[in-house]
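Heads up: the structure comes next, in structure tokens.
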Amino acid sequence: MIITDLLKGVKKILMKQNVTLRLLSLLLFQSVFTMEINAQAGQYDTHPDSTVRVAYGAQHKDQVTAAISSISGSEIRKIQTATLTNALTGKLPGVTITDVPGAPGFDEPSIMIRGYHTMVNNAPLLIVDGIQVNNISFLSPDEIESVSVLKDAAALALYGVRGGNGVLLVTTRRGQISKKNNIQLNLRYGRQSPTILPKMAGSYDFARLYNEALANDGLPPLYTNEQLEGYKQKKDPYLYPDVNWMDEVLRNNSPIQDYSVTFDGGNETAKYFVMLGFVNNQGLYAHTDQESNSNINYNQLNFRANLDINLTKSLLVQAGLGGNIQDRKFPPVATATYWQNMLTYAPNLYSVRTPDGEITGTAAYPGNPIGDLLEKGYQSRHDRNVQMNIRATQKLDFITKGLKIYGALLFDNLLQNRYDKTRNYAYFEPIVTRGINGQDSLYYIQRGLSTDLTVVTGGDYENNRLIMQGGFEYGKKSGDHSFNAMMFFQQDRYIVLGNQSPFAMQNLATRINYGLKDKYFVEGVLSYSGIENYAPGKRFGFFPAISAGWLLHKEKFLQDNKWVNYLKLRASAGIAGNDKGASRFNYNQYWGVASSQGAYFGTGQTWYNGLVQLARSNPDITWERAKIFNFGIDANFFDRLSFNADVFAENRTHILVDMSNVISAIAGYTSGQMVNKGKVANYGTEIVANYNGGGGDFRYNIGGLFSYTYNKIKESWEAPKKEAYSYRQGHPVGQYFGLEAIGFFRDESDIISSPVHTFSVVRPGDLKYKDQNNDGIIDINDQIPIGKQNYPRINYGINAGVFYKGVNLDVFFEGVGLKSVYLNGYLFRPLLNNNNILDWAMEGRWTPETHATATFPRLTTQANANNYQPSTFWVRDANYLRLRNIELGYTFPTKMVKKAGMDNLKIYVSGYNLITWDDLAINVDPITLSMGYPTLKSYAVGLSVKF
């Protein structure tokens with residue numbers, strides 16, 4: 001009865017969602033209630049202490065000689081975020097995950113593994129149950145067994161041409177042998193709010209500072225004393241508006257909730273795992289009705305069913321079905337544009353509405369944020385992603401014991417479509433006039449017409465990936481010798497709607513592992529991999545790797561040592577490829593029509609466009625090649641302290657560069673030829689340590705991870721530069737370059753006695769730059785490396801937890817170091833185009849009185865090319881430490897919950913992104929710079945029940 005009531009409760013929640021979600025929910029619940037199979041046997045031993053997921057399979061941890069790190073789905077679930085990728089931040093050594101501004105359903109962080117390898121595309125390969133995917137953000141932690149990161153050549157070579165940037169390998173859960181059907185229910189509800197919102201000026205400060213800026217520009221004031229007093233005293237909200245658009249649009253917090261139910265069980269013949277999960281994540285916008293307008297609203301339904309059946313003693317069949325359905329609803333204005341309007345619209349631009357309740361606006365600024373939110377209708381997107389796989393493994397013991405043959409078919413489909421309901425709305429522009437008595441008066445002019453809501457559908461997008469695999473596996477142990485081998489062939493076919501030519505990949509690969517006395521291991525990997533993107537005859541290449549491991553704790557000189565429980569040394573070397581970054585079919589020569597290259601013909605002197613050569617083809621274009629070397633240590637001491645460390649070095653060659661940088665325009669090409677001539681060296685280290693202490697009713701743990709990477713461009717083929725220090729070669733990928741700011745001009749005499757600044761006319765209070773080449777001129781030839789690169793060299797995480805008589809407290813900190821950001825955007829260009837002013841600029845602006853303490857240039861209403869040159873003034877350290885997650889929970893005694901028919905019951909409260917310490921010294925987020933939808937923090941309560 002308890003199970004039934006809980007499931008009915010979840011079902012009731014899901015029934016409130018749209019028709020598609022309800023139908024799929026009912027189908028899955030019905031299948032669960034009618035399921036009678038005690039199903040399925042797994043392919044591998046999945047005990048977390050013994051098995052490691054590797055490329056195309058799994059190995060016992062002793063056999064693993066590659067650099068691989070992983071995290072379990074249960075650990076990921078501790079962090080409440082609708083985006084799986086965000087939950088991985090700081091959890092995997094060697095993995096850098098960077099938030100990007102994005103509304104719910106659109107927040108897809110960027111991922112890098114071991115830093116930057118190339119100047120082109122550093123995105124890793126993402127694999128879910130053997131299927132390459134474009135995004136893992138929409139998976140549910142409750143369907144995941146583990147997420148593994150593959151980092152060195154021994155781990156990556158099997159992926160051939162695709163693996164050079166690293167691989168994130170997601171393995172979903174499968175059923176385990178159990179005497180009963182296991183049911184787990186997870187319920188969590190939270191409230192989220194911005195970690196930080198910029199503080200912008202009110203109308204009085206804006207107006208007086210605008211007058212100050214005009215004076216700095218040598219122009220007369222715009223605002224009269226009467227107007228300034230009106231703003232200061234807030235005399236009339238229509239004549240003297242003072243609008244904080246964030247206060248008008250945003251609510252204090254928004255809900256986020258997720259629910260899941262899982263079923264698993266089985267016996268020696270069959271096992272099963274079934275999961276249904278639901279996430280609802282709402283935006284921060286207020287006053288919406290969801291009918292004629294919309295807050296941001298994101299619903300996600302995840303489903304997963306994995307079934308393994310031993311049809312005979314020698315034939316195992318595994319099948320899987322999984323995917324998600326995503327429904328998004330949002331205002332019909334681009335989120336980035338909407339937030340820019342909210343932050344930069346001057347507070348005195350116009351009131352929110354007229355006295356009659358009509359939406360206001362001006363011809364120059366028609367996008368009234370309230371009008372765009374409440375009057376324009378809404379847009380919606382419906383996405384459906386389905387993955388299916390089936391694999392059959394036949395033992396061939398009748399030929400030789402340990403030999404298996406298998407075949408697999410994997411399919412992935414993504415469908416996206418739209419339903420928009422939008423309209424135009426009339427707005428009323430305020431016109432201020434000065435009467436004969438000197439008093440200001442106000443009237444409104446209507447602009448535009450309101451229209452009815454119009455439905456727009458279509459614009460569907462669909463892609464399909466079909467993967468076929470087949471191969472052999474062999475394993476044998478005889479005395480001190482063990483031998484494991486596999487060989488397989490894989491073919492991918494990826495079809496994207498609108499592309500007439502499908503993407504294709506083929507891979508023939510093998511892995512051989514030899515062990516001696518269960519303490520010496522050698523592994524060889526070789527793949528012959530190719531893709532259709534290159535010229536015939538140049539599509540395939542060999543990718544070999546070799547690795548070795550030595551279990552020192554099994555040697556006699558350590559066997560009786562009580563403090564060393566486990567100690568393994570491992571090393572690897574090999575080659576992997578990276579096919580990302582090249583345009584398709586660059587080996588073909590293309591031509592185009594250009595009016596600028598035509599001629600007059602005929603008696604009528606008719607102009608005919610000419611046929612011109614486009615980017616010069618390169619029949620020899622190929623993939624990047626990564627030579628990777630790795631050395632690692634895995635250890636456990638005193639049965640309490642675990643320690644893992646890796647050091648690596650990589651030489652990346654054959655990186656694509658545009659030869660138009662070095663080819664003279666006299667050659668006649670409209671653009672240059674892409675050639676594999678770039679080179680980057682990359683190296684670094686990763687360390688993970690965890691200590692578990694205590695005993696009995698009291699236990700504790702503390703640990704952390706640390707990653708450091710550094711790269712250098714060895715060959716870049718840049719356009720010739722006047723000064724050697726201006727070249728990117730010899731510096732990291734993503735290194736900032738700019739001028740060295742040495743303060744502000746004090747007065748006119750300072751300007752006259754300084755080198756000539758050529759970007760624009762300068763005035764006192766403008767930025768002053770160092771003349772690097774001493775030629776008396778400040779120009780682009782004075783740009784040098786400034787700050788650091790635009791991604792962190794250091795990533796680290798710190799975790800700690802205590803457990804006492806059912807009460808647990810877990811804390812996780814995440815941070816980055818050796819990273820810079822460039823303050824380039826609308827928030828940092830006050831008053832330009834009537835932009836509002838950030839408190840940092842308002843409080844730190846240069847004036848003749850504050851010239852010694854100023855932290856921001858003089859205010860100006862002009863574009864001021866001098867001040868907004870890339871320079872050390874705008875590049876800032878972006879190091880931060882963030883309290884990423886904290887959880888306080890209570891697990892009820894087993895005897896108590898057993899009486900209620902449960903195996904386990906836990907309740908908890910948690911917080912996410914609660915506190916951030918950073919080096920910016922500016923009231924903005926150190927990652928997104930608070931431009932766009934904000935980074936969120938949340939508080940949640942949760943319940944987890946097992947039956």
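Residues in the structure tokens are numbered from 1 in each chain, the chains being A, B, ... in the order shown, and ligands are numbered from 1 in the order shown.
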Check segment 369-544 of chain A with DSSP on the backbone and list each residue it calls strand (DSSP E), as a count of residues only.
-> 127
Against segment 118-133 of chain A, which residues of segment 640-713 of chain A fall within 10 Å? For each one I want the closest pair of atoms and the distance in Å (one decimal), counting only C-alpha atoms, rows by chain and increasing residue number, as CSV.
residue,atom,partner,partner_atom,distance
A:Asn651,CA,A:Thr118,CA,9.9
A:Arg652,CA,A:Thr118,CA,7.0
A:Thr653,CA,A:Thr118,CA,8.6
A:His654,CA,A:Thr118,CA,9.7
A:Ile655,CA,A:Thr118,CA,6.7
A:Leu656,CA,A:Val120,CA,7.2
A:Val657,CA,A:Val120,CA,8.6
A:Gly678,CA,A:Met119,CA,8.1
A:Lys679,CA,A:Thr118,CA,7.6
A:Val680,CA,A:Thr118,CA,6.1
A:Ala681,CA,A:Thr118,CA,8.8
A:Asn682,CA,A:Thr118,CA,9.0
A:Asn711,CA,A:Thr118,CA,9.1
A:Lys712,CA,A:Thr118,CA,9.6
A:Ile713,CA,A:Met119,CA,8.2
Would you save the residues of that selection, restricted to C-alpha atoms, as a PDB file, in the first residue's frame?
ATOM      1  CA  ASN A 651      52.256  17.226 -28.448  1.00  0.00           C
ATOM      2  CA  ARG A 652      49.414  18.215 -30.759  1.00  0.00           C
ATOM      3  CA  THR A 653      50.321  18.630 -34.434  1.00  0.00           C
ATOM      4  CA  HIS A 654      48.497  19.039 -37.757  1.00  0.00           C
ATOM      5  CA  ILE A 655      46.274  21.778 -36.323  1.00  0.00           C
ATOM      6  CA  LEU A 656      44.420  23.705 -39.012  1.00  0.00           C
ATOM      7  CA  VAL A 657      45.622  27.249 -39.687  1.00  0.00           C
ATOM      8  CA  GLY A 678      49.727  24.370 -36.311  1.00  0.00           C
ATOM      9  CA  LYS A 679      51.338  22.848 -33.212  1.00  0.00           C
ATOM     10  CA  VAL A 680      50.559  23.039 -29.491  1.00  0.00           C
ATOM     11  CA  ALA A 681      52.342  21.466 -26.514  1.00  0.00           C
ATOM     12  CA  ASN A 682      50.192  20.690 -23.490  1.00  0.00           C
ATOM     13  CA  ASN A 711      49.912  24.732 -22.944  1.00  0.00           C
ATOM     14  CA  LYS A 712      52.030  26.648 -25.394  1.00  0.00           C
ATOM     15  CA  ILE A 713      51.506  27.368 -29.081  1.00  0.00           C
TER      16      ILE A 713
END
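When only C-alpha atoms are used to compute distances to Gly160 of chain A, the closest of the residues A:Ile702, A:Ala573, A:Ile531, A:Val279 turns out to be A:Ile531.
Residues surrounding Pro355 of chain A within 12 Å are Asp236, Pro237, Tyr238, Leu239, Pro241, Tyr350, Thr360, Phe428, Pro430, Leu442, Tyr443 and Tyr444 of chain A [only C-alpha atoms; sequence separation below 5 positions excluded].
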For the selection just defined, write its residues with N, CA and C atoms to a file, as a short mmCIF file (atom, residue, chain, number, x, y, z; two decimals), in the first residue's frame.
data_model
loop_
_atom_site.label_atom_id
_atom_site.label_comp_id
_atom_site.auth_asym_id
_atom_site.auth_seq_id
_atom_site.Cartn_x
_atom_site.Cartn_y
_atom_site.Cartn_z
N ASP A 236 7.15 62.75 -9.54
CA ASP A 236 6.11 62.26 -10.44
C ASP A 236 6.65 61.02 -11.14
N PRO A 237 6.05 59.83 -10.92
CA PRO A 237 6.58 58.60 -11.51
C PRO A 237 6.47 58.54 -13.02
N TYR A 238 5.70 59.46 -13.64
CA TYR A 238 5.57 59.46 -15.09
C TYR A 238 6.44 60.53 -15.73
N LEU A 239 6.47 61.69 -15.11
CA LEU A 239 7.31 62.77 -15.63
C LEU A 239 8.76 62.56 -15.24
N PRO A 241 10.37 59.37 -14.11
CA PRO A 241 10.37 57.94 -13.77
C PRO A 241 11.70 57.51 -13.16
N TYR A 350 11.68 55.78 -19.48
CA TYR A 350 10.24 55.95 -19.45
C TYR A 350 9.68 55.13 -18.29
N THR A 360 4.66 51.56 -22.30
CA THR A 360 5.43 52.69 -22.82
C THR A 360 6.59 52.19 -23.67
N PHE A 428 3.39 53.40 -26.21
CA PHE A 428 3.11 54.82 -26.16
C PHE A 428 4.37 55.57 -25.71
N PRO A 430 6.49 58.64 -24.43
CA PRO A 430 6.28 59.88 -23.66
C PRO A 430 6.97 61.07 -24.34
N LEU A 442 3.70 66.43 -19.83
CA LEU A 442 3.90 65.12 -20.47
C LEU A 442 2.64 64.69 -21.21
N TYR A 443 2.84 64.20 -22.44
CA TYR A 443 1.76 63.52 -23.15
C TYR A 443 2.37 62.35 -23.92
N TYR A 444 1.52 61.48 -24.48
CA TYR A 444 1.98 60.24 -25.10
C TYR A 444 1.52 60.15 -26.55
#
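A straight line drawn from atom CA of Ser944 of chain A to atom CA of Phe813 of chain A is 23.9 Å long.
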Please list as a PDB file with N, CA and C atoms, in the first residue's frame every residue within 10 Å of Val161 of chain A, counting only C-alpha atoms and excluding residues in the same chain fewer than 6 positions away.
ATOM      1  N   MET A 505      31.559   7.294 -40.127  1.00  0.00           N
ATOM      2  CA  MET A 505      32.810   6.929 -39.473  1.00  0.00           C
ATOM      3  C   MET A 505      32.930   5.418 -39.451  1.00  0.00           C
ATOM      4  N   GLN A 506      34.142   4.928 -39.658  1.00  0.00           N
ATOM      5  CA  GLN A 506      34.422   3.502 -39.535  1.00  0.00           C
ATOM      6  C   GLN A 506      35.643   3.322 -38.646  1.00  0.00           C
ATOM      7  N   ASN A 507      35.624   2.230 -37.879  1.00  0.00           N
ATOM      8  CA  ASN A 507      36.710   1.998 -36.937  1.00  0.00           C
ATOM      9  C   ASN A 507      36.920   0.493 -36.774  1.00  0.00           C
ATOM     10  N   SER A 527      43.833   1.168 -33.295  1.00  0.00           N
ATOM     11  CA  SER A 527      42.620   1.357 -34.087  1.00  0.00           C
ATOM     12  C   SER A 527      43.004   1.883 -35.465  1.00  0.00           C
ATOM     13  N   TYR A 528      42.226   1.471 -36.426  1.00  0.00           N
ATOM     14  CA  TYR A 528      42.353   1.955 -37.798  1.00  0.00           C
ATOM     15  C   TYR A 528      41.041   2.659 -38.083  1.00  0.00           C
ATOM     16  N   SER A 529      41.082   3.986 -38.033  1.00  0.00           N
ATOM     17  CA  SER A 529      39.853   4.775 -37.962  1.00  0.00           C
ATOM     18  C   SER A 529      39.824   5.803 -39.079  1.00  0.00           C
ATOM     19  N   GLY A 530      38.620   6.090 -39.565  1.00  0.00           N
ATOM     20  CA  GLY A 530      38.498   7.084 -40.611  1.00  0.00           C
ATOM     21  C   GLY A 530      37.111   7.687 -40.677  1.00  0.00           C
ATOM     22  N   ILE A 531      37.007   8.870 -41.305  1.00  0.00           N
ATOM     23  CA  ILE A 531      35.728   9.546 -41.487  1.00  0.00           C
ATOM     24  C   ILE A 531      35.625  10.058 -42.916  1.00  0.00           C
ATOM     25  N   ARG A 539      41.387   9.184 -45.749  1.00  0.00           N
ATOM     26  CA  ARG A 539      40.353   9.203 -44.726  1.00  0.00           C
ATOM     27  C   ARG A 539      40.687   8.353 -43.508  1.00  0.00           C
ATOM     28  N   PHE A 540      41.635   7.467 -43.608  1.00  0.00           N
ATOM     29  CA  PHE A 540      41.919   6.523 -42.538  1.00  0.00           C
ATOM     30  C   PHE A 540      43.332   6.703 -42.013  1.00  0.00           C
ATOM     31  N   GLY A 541      43.482   6.354 -40.731  1.00  0.00           N
ATOM     32  CA  GLY A 541      44.794   6.400 -40.120  1.00  0.00           C
ATOM     33  C   GLY A 541      44.894   5.415 -38.972  1.00  0.00           C
ATOM     34  N   PHE A 542      46.140   5.107 -38.574  1.00  0.00           N
ATOM     35  CA  PHE A 542      46.395   4.204 -37.454  1.00  0.00           C
ATOM     36  C   PHE A 542      46.604   5.016 -36.178  1.00  0.00           C
ATOM     37  N   PHE A 543      46.049   4.486 -35.077  1.00  0.00           N
ATOM     38  CA  PHE A 543      46.171   5.152 -33.782  1.00  0.00           C
ATOM     39  C   PHE A 543      46.578   4.108 -32.747  1.00  0.00           C
ATOM     40  N   ILE A 575      48.974   7.587 -29.612  1.00  0.00           N
ATOM     41  CA  ILE A 575      48.489   8.609 -30.529  1.00  0.00           C
ATOM     42  C   ILE A 575      46.968   8.546 -30.597  1.00  0.00           C
ATOM     43  N   ALA A 576      46.350   9.720 -30.588  1.00  0.00           N
ATOM     44  CA  ALA A 576      44.907   9.844 -30.808  1.00  0.00           C
ATOM     45  C   ALA A 576      44.682  10.965 -31.808  1.00  0.00           C
ATOM     46  N   GLY A 577      43.491  10.998 -32.376  1.00  0.00           N
ATOM     47  CA  GLY A 577      43.185  12.010 -33.387  1.00  0.00           C
ATOM     48  C   GLY A 577      42.069  12.931 -32.944  1.00  0.00           C
ATOM     49  N   ASN A 578      41.959  14.063 -33.621  1.00  0.00           N
ATOM     50  CA  ASN A 578      40.858  15.000 -33.375  1.00  0.00           C
ATOM     51  C   ASN A 578      40.380  15.539 -34.713  1.00  0.00           C
ATOM     52  N   ASP A 579      39.156  15.185 -35.080  1.00  0.00           N
ATOM     53  CA  ASP A 579      38.612  15.611 -36.366  1.00  0.00           C
ATOM     54  C   ASP A 579      37.752  16.856 -36.252  1.00  0.00           C
ATOM     55  N   LYS A 580      37.619  17.443 -35.062  1.00  0.00           N
ATOM     56  CA  LYS A 580      36.747  18.602 -34.881  1.00  0.00           C
ATOM     57  C   LYS A 580      37.425  19.866 -35.421  1.00  0.00           C
ATOM     58  N   THR A 622      43.699  16.919 -43.176  1.00  0.00           N
ATOM     59  CA  THR A 622      43.584  15.724 -42.338  1.00  0.00           C
ATOM     60  C   THR A 622      43.251  16.131 -40.913  1.00  0.00           C
ATOM     61  N   TRP A 623      43.211  15.168 -40.041  1.00  0.00           N
ATOM     62  CA  TRP A 623      42.867  15.396 -38.640  1.00  0.00           C
ATOM     63  C   TRP A 623      44.096  15.824 -37.831  1.00  0.00           C
ATOM     64  N   GLU A 624      43.829  16.368 -36.650  1.00  0.00           N
ATOM     65  CA  GLU A 624      44.919  16.670 -35.733  1.00  0.00           C
ATOM     66  C   GLU A 624      45.465  15.377 -35.137  1.00  0.00           C
ATOM     67  N   ARG A 625      46.745  15.382 -34.807  1.00  0.00           N
ATOM     68  CA  ARG A 625      47.380  14.214 -34.208  1.00  0.00           C
ATOM     69  C   ARG A 625      47.910  14.583 -32.825  1.00  0.00           C
ATOM     70  N   ALA A 626      47.557  13.772 -31.850  1.00  0.00           N
ATOM     71  CA  ALA A 626      47.975  14.015 -30.467  1.00  0.00           C
ATOM     72  C   ALA A 626      48.870  12.872 -29.999  1.00  0.00           C
TER      73      ALA A 626
END
Near segment 150-152 of chain A, counting only C-alpha atoms, which residues have an atom at most 6 Å away, once you skip same-chain residues fewer than 5 positions from it, shown as a PyMOL selection string?
-> chain A and resi 67-68+166-167
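With only C-alpha atoms as the atoms that count, the minimum distance from Ser716 of chain A to the choices A:Asn341, A:Asn661, A:Ser754, A:Thr916 is reached by A:Asn661.
Here the DSSP assignment of helix (DSSP H, G or I), based on backbone atoms, applies within segment 832-900 of chain A to Leu832, Asn833, Asn834, Asp839, Trp840, Ala841, Met842, Glu843, Gly844, Thr894, Lys895, Met896, Val897 and Lys898 of chain A.
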Shell of 7 Å around Phe737 of chain A, only C-alpha atoms, local chain residues under 5 positions omitted, as a PyMOL selection string | chain A and resi 783-786
Could you write those residues out with C-alpha atoms, as an mmCIF file, in the first residue's frame?
data_model
loop_
_atom_site.group_PDB
_atom_site.id
_atom_site.type_symbol
_atom_site.label_atom_id
_atom_site.label_comp_id
_atom_site.auth_asym_id
_atom_site.auth_seq_id
_atom_site.Cartn_x
_atom_site.Cartn_y
_atom_site.Cartn_z
ATOM 1 C CA GLN A 783 50.018 45.111 -27.467
ATOM 2 C CA ILE A 784 51.689 42.486 -25.272
ATOM 3 C CA PRO A 785 50.518 39.359 -23.446
ATOM 4 C CA ILE A 786 48.324 40.516 -20.566
#
Excluding Arg391 of chain A and residues on its chain fewer than 4 positions from it, collect all residues at most 10 Å away from it, counting only C-alpha atoms, and give them as a PyMOL selection string.
-> chain A and resi 308+316-320+406-410+469-470
Keeping only C-alpha atoms, write the selected residues to a file as an mmCIF file, in the first residue's frame.
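File produced: selection-v7.cif:
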data_model
loop_
_atom_site.group_PDB
_atom_site.id
_atom_site.type_symbol
_atom_site.label_atom_id
_atom_site.label_comp_id
_atom_site.auth_asym_id
_atom_site.auth_seq_id
_atom_site.Cartn_x
_atom_site.Cartn_y
_atom_site.Cartn_z
ATOM 1 C CA ASP A 308 19.548 -8.425 -19.896
ATOM 2 C CA LEU A 316 23.278 -13.251 -23.492
ATOM 3 C CA VAL A 317 20.986 -10.621 -25.012
ATOM 4 C CA GLN A 318 20.999 -7.062 -23.700
ATOM 5 C CA ALA A 319 18.507 -4.402 -24.732
ATOM 6 C CA GLY A 320 18.087 -0.800 -23.721
ATOM 7 C CA TYR A 406 29.112 -10.258 -30.178
ATOM 8 C CA GLY A 407 27.107 -7.933 -32.338
ATOM 9 C CA ALA A 408 25.326 -4.718 -31.442
ATOM 10 C CA LEU A 409 22.975 -2.237 -33.039
ATOM 11 C CA LEU A 410 22.603 1.229 -31.509
ATOM 12 C CA GLN A 469 29.280 -3.028 -33.965
ATOM 13 C CA GLY A 470 30.603 -6.537 -34.109
#
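For the choices A:Asn513, A:Asn86, A:Ser642, A:Asn216, the atom-to-atom distance to Val64 of chain A is smallest for A:Asn513 when using only C-alpha atoms.
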Considering only C-alpha atoms, give me a table of residues in segment 636-751 of chain A that are at most 10 Å from segment 756-779 of chain A, with the closest atom pair and distance in Å for each, as a tab-separated table.
residue	atom	partner	partner_atom	distance
A:Lys722	CA	A:Asn773	CA	9.9
A:Glu723	CA	A:Asn773	CA	7.9
A:Tyr725	CA	A:Gln772	CA	9.4
A:Leu739	CA	A:Tyr769	CA	6.3
A:Glu740	CA	A:Tyr769	CA	5.5
A:Ala741	CA	A:Tyr769	CA	4.5
A:Ile742	CA	A:Tyr769	CA	5.5
A:Gly743	CA	A:Lys768	CA	5.5
A:Phe744	CA	A:Leu767	CA	4.6
A:Phe745	CA	A:Pro764	CA	4.8
A:Arg746	CA	A:Pro764	CA	5.4
A:Asp747	CA	A:Pro764	CA	4.8
A:Glu748	CA	A:Pro764	CA	6.4
A:Ser749	CA	A:Pro764	CA	9.3
A:Asp750	CA	A:Pro764	CA	8.2
A:Ile751	CA	A:Arg763	CA	7.5
Could you write out that same residue set with N, CA and C atoms as a PDB file, in the first residue's frame?
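Result went into again-v1.pdb, see below:
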ATOM      1  N   LYS A 722      54.869  43.625 -36.394  1.00  0.00           N
ATOM      2  CA  LYS A 722      56.030  44.506 -36.297  1.00  0.00           C
ATOM      3  C   LYS A 722      56.932  44.121 -35.136  1.00  0.00           C
ATOM      4  N   GLU A 723      56.322  43.731 -34.003  1.00  0.00           N
ATOM      5  CA  GLU A 723      57.092  43.448 -32.803  1.00  0.00           C
ATOM      6  C   GLU A 723      56.989  41.962 -32.439  1.00  0.00           C
ATOM      7  N   TYR A 725      57.028  40.579 -29.562  1.00  0.00           N
ATOM      8  CA  TYR A 725      56.202  40.267 -28.390  1.00  0.00           C
ATOM      9  C   TYR A 725      54.702  40.220 -28.716  1.00  0.00           C
ATOM     10  N   LEU A 739      47.125  46.308 -24.438  1.00  0.00           N
ATOM     11  CA  LEU A 739      48.023  47.363 -24.000  1.00  0.00           C
ATOM     12  C   LEU A 739      48.227  47.298 -22.489  1.00  0.00           C
ATOM     13  N   GLU A 740      49.323  47.841 -22.036  1.00  0.00           N
ATOM     14  CA  GLU A 740      49.603  47.900 -20.604  1.00  0.00           C
ATOM     15  C   GLU A 740      49.144  49.258 -20.075  1.00  0.00           C
ATOM     16  N   ALA A 741      48.045  49.244 -19.323  1.00  0.00           N
ATOM     17  CA  ALA A 741      47.515  50.477 -18.749  1.00  0.00           C
ATOM     18  C   ALA A 741      48.365  50.884 -17.548  1.00  0.00           C
ATOM     19  N   ILE A 742      48.784  52.161 -17.520  1.00  0.00           N
ATOM     20  CA  ILE A 742      49.662  52.629 -16.439  1.00  0.00           C
ATOM     21  C   ILE A 742      49.016  53.772 -15.654  1.00  0.00           C
ATOM     22  N   GLY A 743      47.687  53.848 -15.734  1.00  0.00           N
ATOM     23  CA  GLY A 743      46.976  54.873 -14.970  1.00  0.00           C
ATOM     24  C   GLY A 743      46.079  55.708 -15.847  1.00  0.00           C
ATOM     25  N   PHE A 744      45.710  56.890 -15.309  1.00  0.00           N
ATOM     26  CA  PHE A 744      44.842  57.818 -16.035  1.00  0.00           C
ATOM     27  C   PHE A 744      45.604  59.114 -16.280  1.00  0.00           C
ATOM     28  N   PHE A 745      45.305  59.779 -17.393  1.00  0.00           N
ATOM     29  CA  PHE A 745      45.901  61.090 -17.636  1.00  0.00           C
ATOM     30  C   PHE A 745      45.439  62.072 -16.565  1.00  0.00           C
ATOM     31  N   ARG A 746      46.408  62.762 -15.962  1.00  0.00           N
ATOM     32  CA  ARG A 746      46.090  63.679 -14.871  1.00  0.00           C
ATOM     33  C   ARG A 746      45.495  64.988 -15.386  1.00  0.00           C
ATOM     34  N   ASP A 747      46.134  65.540 -16.429  1.00  0.00           N
ATOM     35  CA  ASP A 747      45.718  66.836 -16.956  1.00  0.00           C
ATOM     36  C   ASP A 747      46.256  66.981 -18.372  1.00  0.00           C
ATOM     37  N   GLU A 748      46.046  68.152 -18.962  1.00  0.00           N
ATOM     38  CA  GLU A 748      46.471  68.367 -20.350  1.00  0.00           C
ATOM     39  C   GLU A 748      47.982  68.292 -20.492  1.00  0.00           C
ATOM     40  N   SER A 749      48.719  68.764 -19.487  1.00  0.00           N
ATOM     41  CA  SER A 749      50.179  68.704 -19.584  1.00  0.00           C
ATOM     42  C   SER A 749      50.666  67.266 -19.590  1.00  0.00           C
ATOM     43  N   ASP A 750      49.975  66.393 -18.850  1.00  0.00           N
ATOM     44  CA  ASP A 750      50.319  64.971 -18.849  1.00  0.00           C
ATOM     45  C   ASP A 750      50.083  64.374 -20.232  1.00  0.00           C
ATOM     46  N   ILE A 751      49.011  64.806 -20.886  1.00  0.00           N
ATOM     47  CA  ILE A 751      48.712  64.307 -22.228  1.00  0.00           C
ATOM     48  C   ILE A 751      49.789  64.763 -23.211  1.00  0.00           C
TER      49      ILE A 751
END
